[in-house]
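Raw protein_11.txt, compact mmCIF, N, CA and C atoms:
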```
# COMPACT_ATOMS: atom_id res chain seq x y z
N MET A 1 -13.38 24.11 -11.11
CA MET A 1 -12.88 23.80 -9.78
C MET A 1 -13.76 22.79 -9.09
N PHE A 2 -15.06 22.91 -9.23
CA PHE A 2 -16.00 22.01 -8.59
C PHE A 2 -15.79 20.57 -9.05
N LEU A 3 -15.57 20.36 -10.35
CA LEU A 3 -15.37 19.01 -10.87
C LEU A 3 -14.10 18.38 -10.33
N THR A 4 -13.05 19.16 -10.23
CA THR A 4 -11.79 18.65 -9.70
C THR A 4 -11.96 18.20 -8.27
N SER A 5 -12.64 19.00 -7.46
CA SER A 5 -12.86 18.65 -6.06
C SER A 5 -13.65 17.35 -5.94
N GLY A 6 -14.69 17.21 -6.74
CA GLY A 6 -15.50 16.00 -6.72
C GLY A 6 -14.70 14.79 -7.19
N ALA A 7 -13.84 15.00 -8.18
CA ALA A 7 -13.00 13.91 -8.68
C ALA A 7 -12.02 13.45 -7.60
N LYS A 8 -11.46 14.40 -6.86
CA LYS A 8 -10.53 14.05 -5.78
C LYS A 8 -11.25 13.25 -4.70
N LYS A 9 -12.47 13.67 -4.34
CA LYS A 9 -13.24 12.94 -3.33
C LYS A 9 -13.54 11.53 -3.80
N SER A 10 -13.91 11.40 -5.07
CA SER A 10 -14.23 10.10 -5.64
C SER A 10 -13.00 9.19 -5.65
N THR A 11 -11.86 9.76 -6.02
CA THR A 11 -10.62 8.99 -6.04
C THR A 11 -10.23 8.58 -4.63
N ARG A 12 -10.38 9.47 -3.66
CA ARG A 12 -10.04 9.15 -2.27
C ARG A 12 -10.96 8.05 -1.74
N LYS A 13 -12.26 8.12 -2.06
CA LYS A 13 -13.19 7.08 -1.63
C LYS A 13 -12.79 5.72 -2.21
N LEU A 14 -12.39 5.73 -3.47
CA LEU A 14 -11.95 4.49 -4.11
C LEU A 14 -10.70 3.95 -3.40
N GLY A 15 -9.79 4.85 -3.06
CA GLY A 15 -8.58 4.45 -2.34
C GLY A 15 -8.89 3.84 -0.99
N ILE A 16 -9.83 4.43 -0.27
CA ILE A 16 -10.22 3.90 1.03
C ILE A 16 -10.84 2.52 0.88
N LYS A 17 -11.72 2.36 -0.13
CA LYS A 17 -12.32 1.04 -0.39
C LYS A 17 -11.25 0.01 -0.71
N GLY A 18 -10.27 0.42 -1.50
CA GLY A 18 -9.18 -0.48 -1.85
C GLY A 18 -8.35 -0.87 -0.65
N GLU A 19 -8.05 0.09 0.22
CA GLU A 19 -7.29 -0.21 1.43
C GLU A 19 -8.07 -1.14 2.36
N ASN A 20 -9.38 -0.90 2.49
CA ASN A 20 -10.21 -1.78 3.33
C ASN A 20 -10.21 -3.20 2.78
N ALA A 21 -10.32 -3.35 1.47
CA ALA A 21 -10.28 -4.68 0.85
C ALA A 21 -8.92 -5.33 1.08
N ALA A 22 -7.86 -4.55 0.97
CA ALA A 22 -6.50 -5.07 1.18
C ALA A 22 -6.33 -5.55 2.62
N VAL A 23 -6.83 -4.78 3.58
CA VAL A 23 -6.73 -5.18 4.99
C VAL A 23 -7.44 -6.51 5.22
N LYS A 24 -8.65 -6.64 4.68
CA LYS A 24 -9.39 -7.90 4.83
C LYS A 24 -8.61 -9.07 4.23
N HIS A 25 -8.02 -8.84 3.07
CA HIS A 25 -7.24 -9.89 2.42
C HIS A 25 -6.02 -10.28 3.26
N LEU A 26 -5.30 -9.27 3.74
CA LEU A 26 -4.10 -9.55 4.53
C LEU A 26 -4.45 -10.29 5.83
N GLU A 27 -5.53 -9.88 6.48
CA GLU A 27 -5.96 -10.56 7.70
C GLU A 27 -6.39 -12.00 7.39
N TYR A 28 -7.07 -12.20 6.27
CA TYR A 28 -7.47 -13.54 5.85
C TYR A 28 -6.23 -14.42 5.64
N CYS A 29 -5.15 -13.81 5.15
CA CYS A 29 -3.89 -14.54 4.93
C CYS A 29 -3.11 -14.74 6.23
N GLY A 30 -3.65 -14.28 7.36
CA GLY A 30 -3.02 -14.51 8.65
C GLY A 30 -2.13 -13.40 9.15
N MET A 31 -2.12 -12.28 8.47
CA MET A 31 -1.27 -11.16 8.91
C MET A 31 -1.98 -10.34 9.99
N THR A 32 -1.18 -9.72 10.83
CA THR A 32 -1.68 -8.81 11.86
C THR A 32 -1.42 -7.39 11.39
N ILE A 33 -2.45 -6.58 11.35
CA ILE A 33 -2.30 -5.19 10.93
C ILE A 33 -1.78 -4.36 12.10
N LEU A 34 -0.66 -3.70 11.91
CA LEU A 34 -0.06 -2.87 12.96
C LEU A 34 -0.40 -1.40 12.81
N ALA A 35 -0.51 -0.94 11.57
CA ALA A 35 -0.79 0.49 11.33
C ALA A 35 -1.41 0.65 9.95
N ARG A 36 -2.21 1.73 9.84
CA ARG A 36 -2.78 2.12 8.56
C ARG A 36 -2.52 3.60 8.35
N ASN A 37 -2.20 3.96 7.13
CA ASN A 37 -1.98 5.35 6.75
C ASN A 37 -0.96 6.05 7.65
N PHE A 38 0.18 5.42 7.82
CA PHE A 38 1.27 6.01 8.58
C PHE A 38 1.89 7.11 7.72
N ARG A 39 1.73 8.35 8.16
CA ARG A 39 2.24 9.49 7.40
C ARG A 39 3.35 10.18 8.20
N CYS A 40 4.39 10.55 7.48
CA CYS A 40 5.50 11.28 8.08
C CYS A 40 6.13 12.13 6.98
N LYS A 41 7.04 12.98 7.37
CA LYS A 41 7.66 13.87 6.39
C LYS A 41 8.31 13.11 5.23
N PRO A 42 9.04 12.02 5.50
CA PRO A 42 9.68 11.32 4.39
C PRO A 42 8.73 10.59 3.44
N GLY A 43 7.50 10.28 3.89
CA GLY A 43 6.60 9.55 3.02
C GLY A 43 5.37 9.02 3.73
N GLU A 44 4.79 7.97 3.14
CA GLU A 44 3.56 7.40 3.69
C GLU A 44 3.57 5.89 3.46
N LEU A 45 2.98 5.18 4.43
CA LEU A 45 2.78 3.74 4.30
C LEU A 45 1.29 3.47 4.42
N ASP A 46 0.71 2.82 3.42
CA ASP A 46 -0.72 2.55 3.47
C ASP A 46 -1.06 1.58 4.59
N ILE A 47 -0.29 0.48 4.67
CA ILE A 47 -0.54 -0.54 5.70
C ILE A 47 0.80 -1.07 6.17
N VAL A 48 0.91 -1.28 7.47
CA VAL A 48 2.06 -1.98 8.05
C VAL A 48 1.49 -3.21 8.73
N ALA A 49 2.04 -4.37 8.40
CA ALA A 49 1.51 -5.62 8.94
C ALA A 49 2.65 -6.51 9.41
N LEU A 50 2.28 -7.49 10.20
CA LEU A 50 3.22 -8.50 10.67
C LEU A 50 2.79 -9.83 10.07
N ASP A 51 3.69 -10.45 9.32
CA ASP A 51 3.44 -11.75 8.69
C ASP A 51 4.42 -12.73 9.30
N GLY A 52 3.97 -13.41 10.36
CA GLY A 52 4.89 -14.28 11.10
C GLY A 52 5.95 -13.43 11.76
N ASN A 53 7.21 -13.62 11.35
CA ASN A 53 8.29 -12.80 11.91
C ASN A 53 8.81 -11.77 10.91
N GLU A 54 7.98 -11.43 9.92
CA GLU A 54 8.36 -10.42 8.93
C GLU A 54 7.49 -9.18 9.08
N LEU A 55 8.14 -8.02 9.05
CA LEU A 55 7.45 -6.74 9.05
C LEU A 55 7.16 -6.39 7.59
N VAL A 56 5.89 -6.19 7.26
CA VAL A 56 5.50 -5.99 5.87
C VAL A 56 4.94 -4.57 5.68
N PHE A 57 5.55 -3.84 4.77
CA PHE A 57 5.09 -2.50 4.41
C PHE A 57 4.30 -2.65 3.11
N VAL A 58 3.01 -2.32 3.16
CA VAL A 58 2.12 -2.59 2.04
C VAL A 58 1.67 -1.30 1.36
N GLU A 59 1.89 -1.24 0.07
CA GLU A 59 1.38 -0.15 -0.76
C GLU A 59 0.14 -0.67 -1.46
N VAL A 60 -0.96 0.09 -1.38
CA VAL A 60 -2.21 -0.31 -2.01
C VAL A 60 -2.48 0.65 -3.16
N LYS A 61 -2.75 0.08 -4.33
CA LYS A 61 -3.10 0.87 -5.51
C LYS A 61 -4.47 0.39 -5.98
N SER A 62 -5.41 1.32 -6.08
CA SER A 62 -6.77 1.00 -6.51
C SER A 62 -7.07 1.72 -7.82
N LEU A 63 -7.91 1.09 -8.62
CA LEU A 63 -8.23 1.63 -9.93
C LEU A 63 -9.62 1.18 -10.34
N ARG A 64 -10.32 2.05 -11.04
CA ARG A 64 -11.56 1.63 -11.68
C ARG A 64 -11.17 0.84 -12.93
N TYR A 65 -11.90 -0.19 -13.22
CA TYR A 65 -11.57 -1.06 -14.35
C TYR A 65 -11.45 -0.28 -15.65
N ARG A 66 -10.30 -0.45 -16.29
CA ARG A 66 -10.04 0.07 -17.63
C ARG A 66 -9.23 -0.99 -18.35
N PRO A 67 -9.74 -1.50 -19.46
CA PRO A 67 -9.01 -2.55 -20.18
C PRO A 67 -7.57 -2.13 -20.48
N GLY A 68 -6.65 -3.03 -20.19
CA GLY A 68 -5.25 -2.77 -20.49
C GLY A 68 -4.48 -2.03 -19.41
N PHE A 69 -5.14 -1.64 -18.32
CA PHE A 69 -4.46 -0.92 -17.25
C PHE A 69 -4.47 -1.73 -15.97
N THR A 70 -3.41 -1.64 -15.23
CA THR A 70 -3.35 -2.23 -13.89
C THR A 70 -3.02 -1.11 -12.91
N PRO A 71 -3.42 -1.25 -11.66
CA PRO A 71 -3.13 -0.19 -10.69
C PRO A 71 -1.64 0.12 -10.54
N ALA A 72 -0.80 -0.86 -10.77
CA ALA A 72 0.64 -0.66 -10.59
C ALA A 72 1.21 0.41 -11.52
N VAL A 73 0.52 0.72 -12.62
CA VAL A 73 1.04 1.76 -13.52
C VAL A 73 1.09 3.12 -12.83
N ASN A 74 0.31 3.26 -11.75
CA ASN A 74 0.30 4.52 -11.01
C ASN A 74 1.34 4.57 -9.89
N LEU A 75 2.23 3.60 -9.84
CA LEU A 75 3.26 3.57 -8.80
C LEU A 75 4.56 4.12 -9.36
N SER A 76 4.84 5.37 -9.02
CA SER A 76 6.02 6.06 -9.57
C SER A 76 7.29 5.72 -8.80
N VAL A 77 8.41 6.02 -9.42
CA VAL A 77 9.71 5.86 -8.76
C VAL A 77 9.76 6.75 -7.52
N HIS A 78 9.23 7.96 -7.63
CA HIS A 78 9.19 8.89 -6.50
C HIS A 78 8.41 8.29 -5.33
N GLN A 79 7.27 7.67 -5.63
CA GLN A 79 6.46 7.08 -4.57
C GLN A 79 7.18 5.88 -3.93
N ARG A 80 7.86 5.09 -4.73
CA ARG A 80 8.63 3.96 -4.19
C ARG A 80 9.69 4.46 -3.21
N ARG A 81 10.34 5.55 -3.58
CA ARG A 81 11.38 6.14 -2.71
C ARG A 81 10.75 6.64 -1.40
N ARG A 82 9.59 7.29 -1.52
CA ARG A 82 8.90 7.77 -0.32
C ARG A 82 8.46 6.61 0.57
N ASN A 83 8.02 5.50 -0.02
CA ASN A 83 7.64 4.32 0.76
C ASN A 83 8.84 3.79 1.54
N ARG A 84 9.95 3.68 0.85
CA ARG A 84 11.17 3.17 1.49
C ARG A 84 11.61 4.09 2.64
N ASN A 85 11.59 5.40 2.42
CA ASN A 85 12.00 6.35 3.46
C ASN A 85 11.05 6.32 4.66
N ALA A 86 9.75 6.22 4.40
CA ALA A 86 8.78 6.12 5.50
C ALA A 86 8.98 4.83 6.27
N ALA A 87 9.29 3.75 5.57
CA ALA A 87 9.53 2.46 6.24
C ALA A 87 10.76 2.54 7.16
N LYS A 88 11.80 3.20 6.71
CA LYS A 88 12.99 3.36 7.54
C LYS A 88 12.65 4.11 8.83
N LEU A 89 11.87 5.18 8.71
CA LEU A 89 11.49 5.94 9.89
C LEU A 89 10.59 5.12 10.81
N TYR A 90 9.62 4.42 10.24
CA TYR A 90 8.72 3.58 11.04
C TYR A 90 9.54 2.54 11.82
N TYR A 91 10.49 1.94 11.15
CA TYR A 91 11.35 0.93 11.77
C TYR A 91 12.10 1.51 12.97
N LYS A 92 12.63 2.71 12.79
CA LYS A 92 13.33 3.36 13.90
C LYS A 92 12.38 3.69 15.05
N LEU A 93 11.17 4.17 14.72
CA LEU A 93 10.20 4.54 15.75
C LEU A 93 9.76 3.36 16.61
N ILE A 94 9.74 2.18 16.04
CA ILE A 94 9.33 1.01 16.83
C ILE A 94 10.51 0.32 17.50
N GLY A 95 11.66 0.95 17.44
CA GLY A 95 12.82 0.46 18.18
C GLY A 95 13.71 -0.50 17.42
N SER A 96 13.61 -0.52 16.11
CA SER A 96 14.44 -1.38 15.25
C SER A 96 14.51 -2.82 15.74
N PRO A 97 13.36 -3.49 15.87
CA PRO A 97 13.37 -4.88 16.33
C PRO A 97 14.07 -5.79 15.32
N PRO A 98 14.56 -6.94 15.77
CA PRO A 98 15.27 -7.84 14.86
C PRO A 98 14.30 -8.60 13.94
N LEU A 99 13.61 -7.88 13.09
CA LEU A 99 12.66 -8.49 12.16
C LEU A 99 13.13 -8.30 10.73
N VAL A 100 12.88 -9.29 9.91
CA VAL A 100 13.10 -9.15 8.48
C VAL A 100 11.94 -8.31 7.96
N SER A 101 12.19 -7.51 6.93
CA SER A 101 11.12 -6.69 6.38
C SER A 101 11.00 -6.92 4.89
N ARG A 102 9.81 -6.59 4.38
CA ARG A 102 9.59 -6.66 2.94
C ARG A 102 8.54 -5.63 2.56
N PHE A 103 8.47 -5.34 1.26
CA PHE A 103 7.50 -4.41 0.72
C PHE A 103 6.57 -5.19 -0.21
N ASP A 104 5.28 -5.16 0.08
CA ASP A 104 4.29 -5.81 -0.76
C ASP A 104 3.44 -4.76 -1.46
N LEU A 105 2.92 -5.12 -2.61
CA LEU A 105 2.01 -4.27 -3.37
C LEU A 105 0.69 -5.00 -3.50
N VAL A 106 -0.41 -4.32 -3.17
CA VAL A 106 -1.74 -4.88 -3.37
C VAL A 106 -2.43 -4.02 -4.41
N GLU A 107 -2.83 -4.66 -5.51
CA GLU A 107 -3.53 -3.98 -6.59
C GLU A 107 -5.01 -4.37 -6.53
N VAL A 108 -5.86 -3.36 -6.47
CA VAL A 108 -7.30 -3.59 -6.33
C VAL A 108 -8.01 -2.91 -7.51
N ILE A 109 -8.89 -3.67 -8.15
CA ILE A 109 -9.64 -3.12 -9.29
C ILE A 109 -11.14 -3.24 -9.00
N PHE A 110 -11.83 -2.13 -9.24
CA PHE A 110 -13.29 -2.07 -9.04
C PHE A 110 -13.97 -1.82 -10.38
N TRP A 111 -15.14 -2.35 -10.51
CA TRP A 111 -16.00 -2.07 -11.67
C TRP A 111 -17.39 -1.78 -11.13
N ASN A 112 -17.90 -0.58 -11.36
CA ASN A 112 -19.19 -0.16 -10.81
C ASN A 112 -19.26 -0.37 -9.29
N ASN A 113 -18.20 0.04 -8.62
CA ASN A 113 -18.09 -0.07 -7.15
C ASN A 113 -18.09 -1.51 -6.64
N ILE A 114 -17.84 -2.47 -7.50
CA ILE A 114 -17.76 -3.88 -7.10
C ILE A 114 -16.31 -4.32 -7.27
N LEU A 115 -15.78 -4.94 -6.24
CA LEU A 115 -14.41 -5.45 -6.29
C LEU A 115 -14.37 -6.60 -7.29
N ILE A 116 -13.54 -6.46 -8.33
CA ILE A 116 -13.45 -7.54 -9.30
C ILE A 116 -12.07 -8.20 -9.33
N SER A 117 -11.07 -7.55 -8.73
CA SER A 117 -9.74 -8.14 -8.73
C SER A 117 -8.92 -7.59 -7.57
N LEU A 118 -8.19 -8.48 -6.92
CA LEU A 118 -7.26 -8.09 -5.86
C LEU A 118 -6.04 -8.99 -6.03
N ARG A 119 -4.90 -8.39 -6.23
CA ARG A 119 -3.67 -9.15 -6.43
C ARG A 119 -2.57 -8.60 -5.53
N ARG A 120 -1.90 -9.51 -4.82
CA ARG A 120 -0.80 -9.10 -3.95
C ARG A 120 0.51 -9.60 -4.54
N THR A 121 1.47 -8.68 -4.62
CA THR A 121 2.81 -9.02 -5.08
C THR A 121 3.75 -8.82 -3.90
N GLU A 122 4.40 -9.89 -3.47
CA GLU A 122 5.36 -9.78 -2.38
C GLU A 122 6.69 -9.25 -2.92
N ASN A 123 7.37 -8.48 -2.09
CA ASN A 123 8.70 -7.97 -2.43
C ASN A 123 8.73 -7.15 -3.71
N TYR A 124 7.80 -6.21 -3.84
CA TYR A 124 7.84 -5.36 -5.03
C TYR A 124 8.99 -4.36 -4.97
N LEU A 125 9.52 -4.14 -3.79
CA LEU A 125 10.74 -3.34 -3.60
C LEU A 125 11.76 -4.22 -2.92
N LEU A 126 13.00 -3.89 -3.09
CA LEU A 126 14.03 -4.63 -2.35
C LEU A 126 13.86 -4.37 -0.86
N PRO A 127 14.23 -5.36 -0.02
CA PRO A 127 14.09 -5.16 1.43
C PRO A 127 14.99 -4.03 1.93
N LEU A 128 14.69 -3.59 3.14
CA LEU A 128 15.53 -2.55 3.74
C LEU A 128 16.95 -3.08 3.91
N PRO A 129 17.94 -2.21 3.82
CA PRO A 129 19.33 -2.66 4.00
C PRO A 129 19.53 -3.20 5.41
N PRO A 130 20.52 -4.09 5.61
CA PRO A 130 20.76 -4.70 6.93
C PRO A 130 20.90 -3.71 8.07
N ALA A 131 21.40 -2.51 7.81
CA ALA A 131 21.55 -1.52 8.86
C ALA A 131 20.21 -1.14 9.47
N CYS A 132 19.13 -1.28 8.70
CA CYS A 132 17.79 -0.92 9.17
C CYS A 132 17.03 -2.11 9.71
N THR A 133 17.47 -3.32 9.42
CA THR A 133 16.74 -4.51 9.87
C THR A 133 17.49 -5.27 10.91
```
Structure rendered as structure tokens:
Amino acid sequence: MFLTSGAKKSTRKLGIKGENAAVKHLEYCGMTILARNFRCKPGELDIVALDGNELVFVEVKSLRYRPGFTPAVNLSVHQRRRNRNAAKLYYKLIGSPPLVSRFDLVEVIFWNNILISLRRTENYLLPLPPACT
């Protein structure tokens, strides 16, 4: 039990480091961060940002370097569905402004606690349906 608890803490710390790196990257690219770790019953959004006139829902996946693996392998269909559902709720909570939306994925890889790779993929999910945007 002790090892599992320590592993969870280690994984969570890595996730936080990855999200912090993603935020810095997004801000460097000119985006405005609106929310971090938006949690609700339907799901969770790691980062919500504004990129010009687009509302961007960002999923961050972090991984310790392992040859042949990318962080995206840990992105399940279930998690994609939860991201989409959380985005719909977030959109409603902010009053459904007339903004185009998209889902981006940021993959962060660390080696010995050093950031060695950060890659952003725009539109990793289809945009929200017109009824939501």
I need the helix (DSSP H, G or I) residues of range 12-128 of chain A per DSSP on the backbone, written as a tab-separated table (two decimals) with N, CA and C atoms, in the coordinates of the input.
```tsv
chain	number	residue	atom	x	y	z
A	12	ARG	N	-10.38	9.47	-3.66
A	12	ARG	CA	-10.04	9.15	-2.27
A	12	ARG	C	-10.96	8.05	-1.74
A	13	LYS	N	-12.26	8.12	-2.06
A	13	LYS	CA	-13.19	7.08	-1.63
A	13	LYS	C	-12.79	5.72	-2.21
A	14	LEU	N	-12.39	5.73	-3.47
A	14	LEU	CA	-11.95	4.49	-4.11
A	14	LEU	C	-10.70	3.95	-3.40
A	15	GLY	N	-9.79	4.85	-3.06
A	15	GLY	CA	-8.58	4.45	-2.34
A	15	GLY	C	-8.89	3.84	-0.99
A	16	ILE	N	-9.83	4.43	-0.27
A	16	ILE	CA	-10.22	3.90	1.03
A	16	ILE	C	-10.84	2.52	0.88
A	17	LYS	N	-11.72	2.36	-0.13
A	17	LYS	CA	-12.32	1.04	-0.39
A	17	LYS	C	-11.25	0.01	-0.71
A	18	GLY	N	-10.27	0.42	-1.50
A	18	GLY	CA	-9.18	-0.48	-1.85
A	18	GLY	C	-8.35	-0.87	-0.65
A	19	GLU	N	-8.05	0.09	0.22
A	19	GLU	CA	-7.29	-0.21	1.43
A	19	GLU	C	-8.07	-1.14	2.36
A	20	ASN	N	-9.38	-0.90	2.49
A	20	ASN	CA	-10.21	-1.78	3.33
A	20	ASN	C	-10.21	-3.20	2.78
A	21	ALA	N	-10.32	-3.35	1.47
A	21	ALA	CA	-10.28	-4.68	0.85
A	21	ALA	C	-8.92	-5.33	1.08
A	22	ALA	N	-7.86	-4.55	0.97
A	22	ALA	CA	-6.50	-5.07	1.18
A	22	ALA	C	-6.33	-5.55	2.62
A	23	VAL	N	-6.83	-4.78	3.58
A	23	VAL	CA	-6.73	-5.18	4.99
A	23	VAL	C	-7.44	-6.51	5.22
A	24	LYS	N	-8.65	-6.64	4.68
A	24	LYS	CA	-9.39	-7.90	4.83
A	24	LYS	C	-8.61	-9.07	4.23
A	25	HIS	N	-8.02	-8.84	3.07
A	25	HIS	CA	-7.24	-9.89	2.42
A	25	HIS	C	-6.02	-10.28	3.26
A	26	LEU	N	-5.30	-9.27	3.74
A	26	LEU	CA	-4.10	-9.55	4.53
A	26	LEU	C	-4.45	-10.29	5.83
A	27	GLU	N	-5.53	-9.88	6.48
A	27	GLU	CA	-5.96	-10.56	7.70
A	27	GLU	C	-6.39	-12.00	7.39
A	28	TYR	N	-7.07	-12.20	6.27
A	28	TYR	CA	-7.47	-13.54	5.85
A	28	TYR	C	-6.23	-14.42	5.64
A	71	PRO	N	-3.42	-1.25	-11.66
A	71	PRO	CA	-3.13	-0.19	-10.69
A	71	PRO	C	-1.64	0.12	-10.54
A	72	ALA	N	-0.80	-0.86	-10.77
A	72	ALA	CA	0.64	-0.66	-10.59
A	72	ALA	C	1.21	0.41	-11.52
A	73	VAL	N	0.52	0.72	-12.62
A	73	VAL	CA	1.04	1.76	-13.52
A	73	VAL	C	1.09	3.12	-12.83
A	74	ASN	N	0.31	3.26	-11.75
A	74	ASN	CA	0.30	4.52	-11.01
A	74	ASN	C	1.34	4.57	-9.89
A	77	VAL	N	8.41	6.02	-9.42
A	77	VAL	CA	9.71	5.86	-8.76
A	77	VAL	C	9.76	6.75	-7.52
A	78	HIS	N	9.23	7.96	-7.63
A	78	HIS	CA	9.19	8.89	-6.50
A	78	HIS	C	8.41	8.29	-5.33
A	79	GLN	N	7.27	7.67	-5.63
A	79	GLN	CA	6.46	7.08	-4.57
A	79	GLN	C	7.18	5.88	-3.93
A	80	ARG	N	7.86	5.09	-4.73
A	80	ARG	CA	8.63	3.96	-4.19
A	80	ARG	C	9.69	4.46	-3.21
A	81	ARG	N	10.34	5.55	-3.58
A	81	ARG	CA	11.38	6.14	-2.71
A	81	ARG	C	10.75	6.64	-1.40
A	82	ARG	N	9.59	7.29	-1.52
A	82	ARG	CA	8.90	7.77	-0.32
A	82	ARG	C	8.46	6.61	0.57
A	83	ASN	N	8.02	5.50	-0.02
A	83	ASN	CA	7.64	4.32	0.76
A	83	ASN	C	8.84	3.79	1.54
A	84	ARG	N	9.95	3.68	0.85
A	84	ARG	CA	11.17	3.17	1.49
A	84	ARG	C	11.61	4.09	2.64
A	85	ASN	N	11.59	5.40	2.42
A	85	ASN	CA	12.00	6.35	3.46
A	85	ASN	C	11.05	6.32	4.66
A	86	ALA	N	9.75	6.22	4.40
A	86	ALA	CA	8.78	6.12	5.50
A	86	ALA	C	8.98	4.83	6.27
A	87	ALA	N	9.29	3.75	5.57
A	87	ALA	CA	9.53	2.46	6.24
A	87	ALA	C	10.76	2.54	7.16
A	88	LYS	N	11.80	3.20	6.71
A	88	LYS	CA	12.99	3.36	7.54
A	88	LYS	C	12.65	4.11	8.83
A	89	LEU	N	11.87	5.18	8.71
A	89	LEU	CA	11.49	5.94	9.89
A	89	LEU	C	10.59	5.12	10.81
A	90	TYR	N	9.62	4.42	10.24
A	90	TYR	CA	8.72	3.58	11.04
A	90	TYR	C	9.54	2.54	11.82
A	91	TYR	N	10.49	1.94	11.15
A	91	TYR	CA	11.35	0.93	11.77
A	91	TYR	C	12.10	1.51	12.97
A	92	LYS	N	12.63	2.71	12.79
A	92	LYS	CA	13.33	3.36	13.90
A	92	LYS	C	12.38	3.69	15.05
A	93	LEU	N	11.17	4.17	14.72
A	93	LEU	CA	10.20	4.54	15.75
A	93	LEU	C	9.76	3.36	16.61
```
Up to 8 Å from (5.8, -5.4, 3.2) in the file's coordinates: name the residues, counting only C-alpha atoms, as a PyMOL selection string. chain A and resi 48-49+55-59+101-105+122-123
Under the rule of at most 8 Å, produce a per-residue listing of range 96-132 of chain A near range 66-87 of chain A: chain, number, name, the closest pair of atoms, and the distance in Å, as a tab-separated table, using all atoms listed in the file.
```
residue	atom	partner	partner_atom	distance
A:Val106	C	A:Ala72	N	7.3
A:Glu107	CA	A:Pro71	CA	5.6
A:Val108	N	A:Pro71	CA	5.9
A:Ile109	CA	A:Pro71	N	6.9
A:Phe110	C	A:Arg66	N	7.1
A:Trp111	CA	A:Arg66	N	7.5
A:Leu125	CA	A:Arg80	CA	7.6
A:Leu128	CA	A:Arg84	CA	7.5
```
Could you write out that same residue set with N, CA and C atoms as a tab-separated table (two decimals), in the frame of the given file?
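Okay, result16.tsv is ready:
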```tsv
chain	number	residue	atom	x	y	z
A	106	VAL	N	-0.41	-4.32	-3.17
A	106	VAL	CA	-1.74	-4.88	-3.37
A	106	VAL	C	-2.43	-4.02	-4.41
A	107	GLU	N	-2.83	-4.66	-5.51
A	107	GLU	CA	-3.53	-3.98	-6.59
A	107	GLU	C	-5.01	-4.37	-6.53
A	108	VAL	N	-5.86	-3.36	-6.47
A	108	VAL	CA	-7.30	-3.59	-6.33
A	108	VAL	C	-8.01	-2.91	-7.51
A	109	ILE	N	-8.89	-3.67	-8.15
A	109	ILE	CA	-9.64	-3.12	-9.29
A	109	ILE	C	-11.14	-3.24	-9.00
A	110	PHE	N	-11.83	-2.13	-9.24
A	110	PHE	CA	-13.29	-2.07	-9.04
A	110	PHE	C	-13.97	-1.82	-10.38
A	111	TRP	N	-15.14	-2.35	-10.51
A	111	TRP	CA	-16.00	-2.07	-11.67
A	111	TRP	C	-17.39	-1.78	-11.13
A	125	LEU	N	9.52	-4.14	-3.79
A	125	LEU	CA	10.74	-3.34	-3.60
A	125	LEU	C	11.76	-4.22	-2.92
A	128	LEU	N	14.69	-3.59	3.14
A	128	LEU	CA	15.53	-2.55	3.74
A	128	LEU	C	16.95	-3.08	3.91
```
Hey, which of A:Asp51, A:Leu89, A:Leu99, A:Gly43 ends up closest to Gly30 in chain A? Count only N, CA and C atoms. A:Asp51
Members of chain A assigned strand (DSSP E) by DSSP, as a PyMOL selection string: chain A and resi 32-40+43-51+54-64+100-111+114-125
What's the separation between CA of Thr11 in chain A and CA of Tyr91 in chain A, in Å to one decimal place?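 Distance between the two atoms: 29.4 Å.
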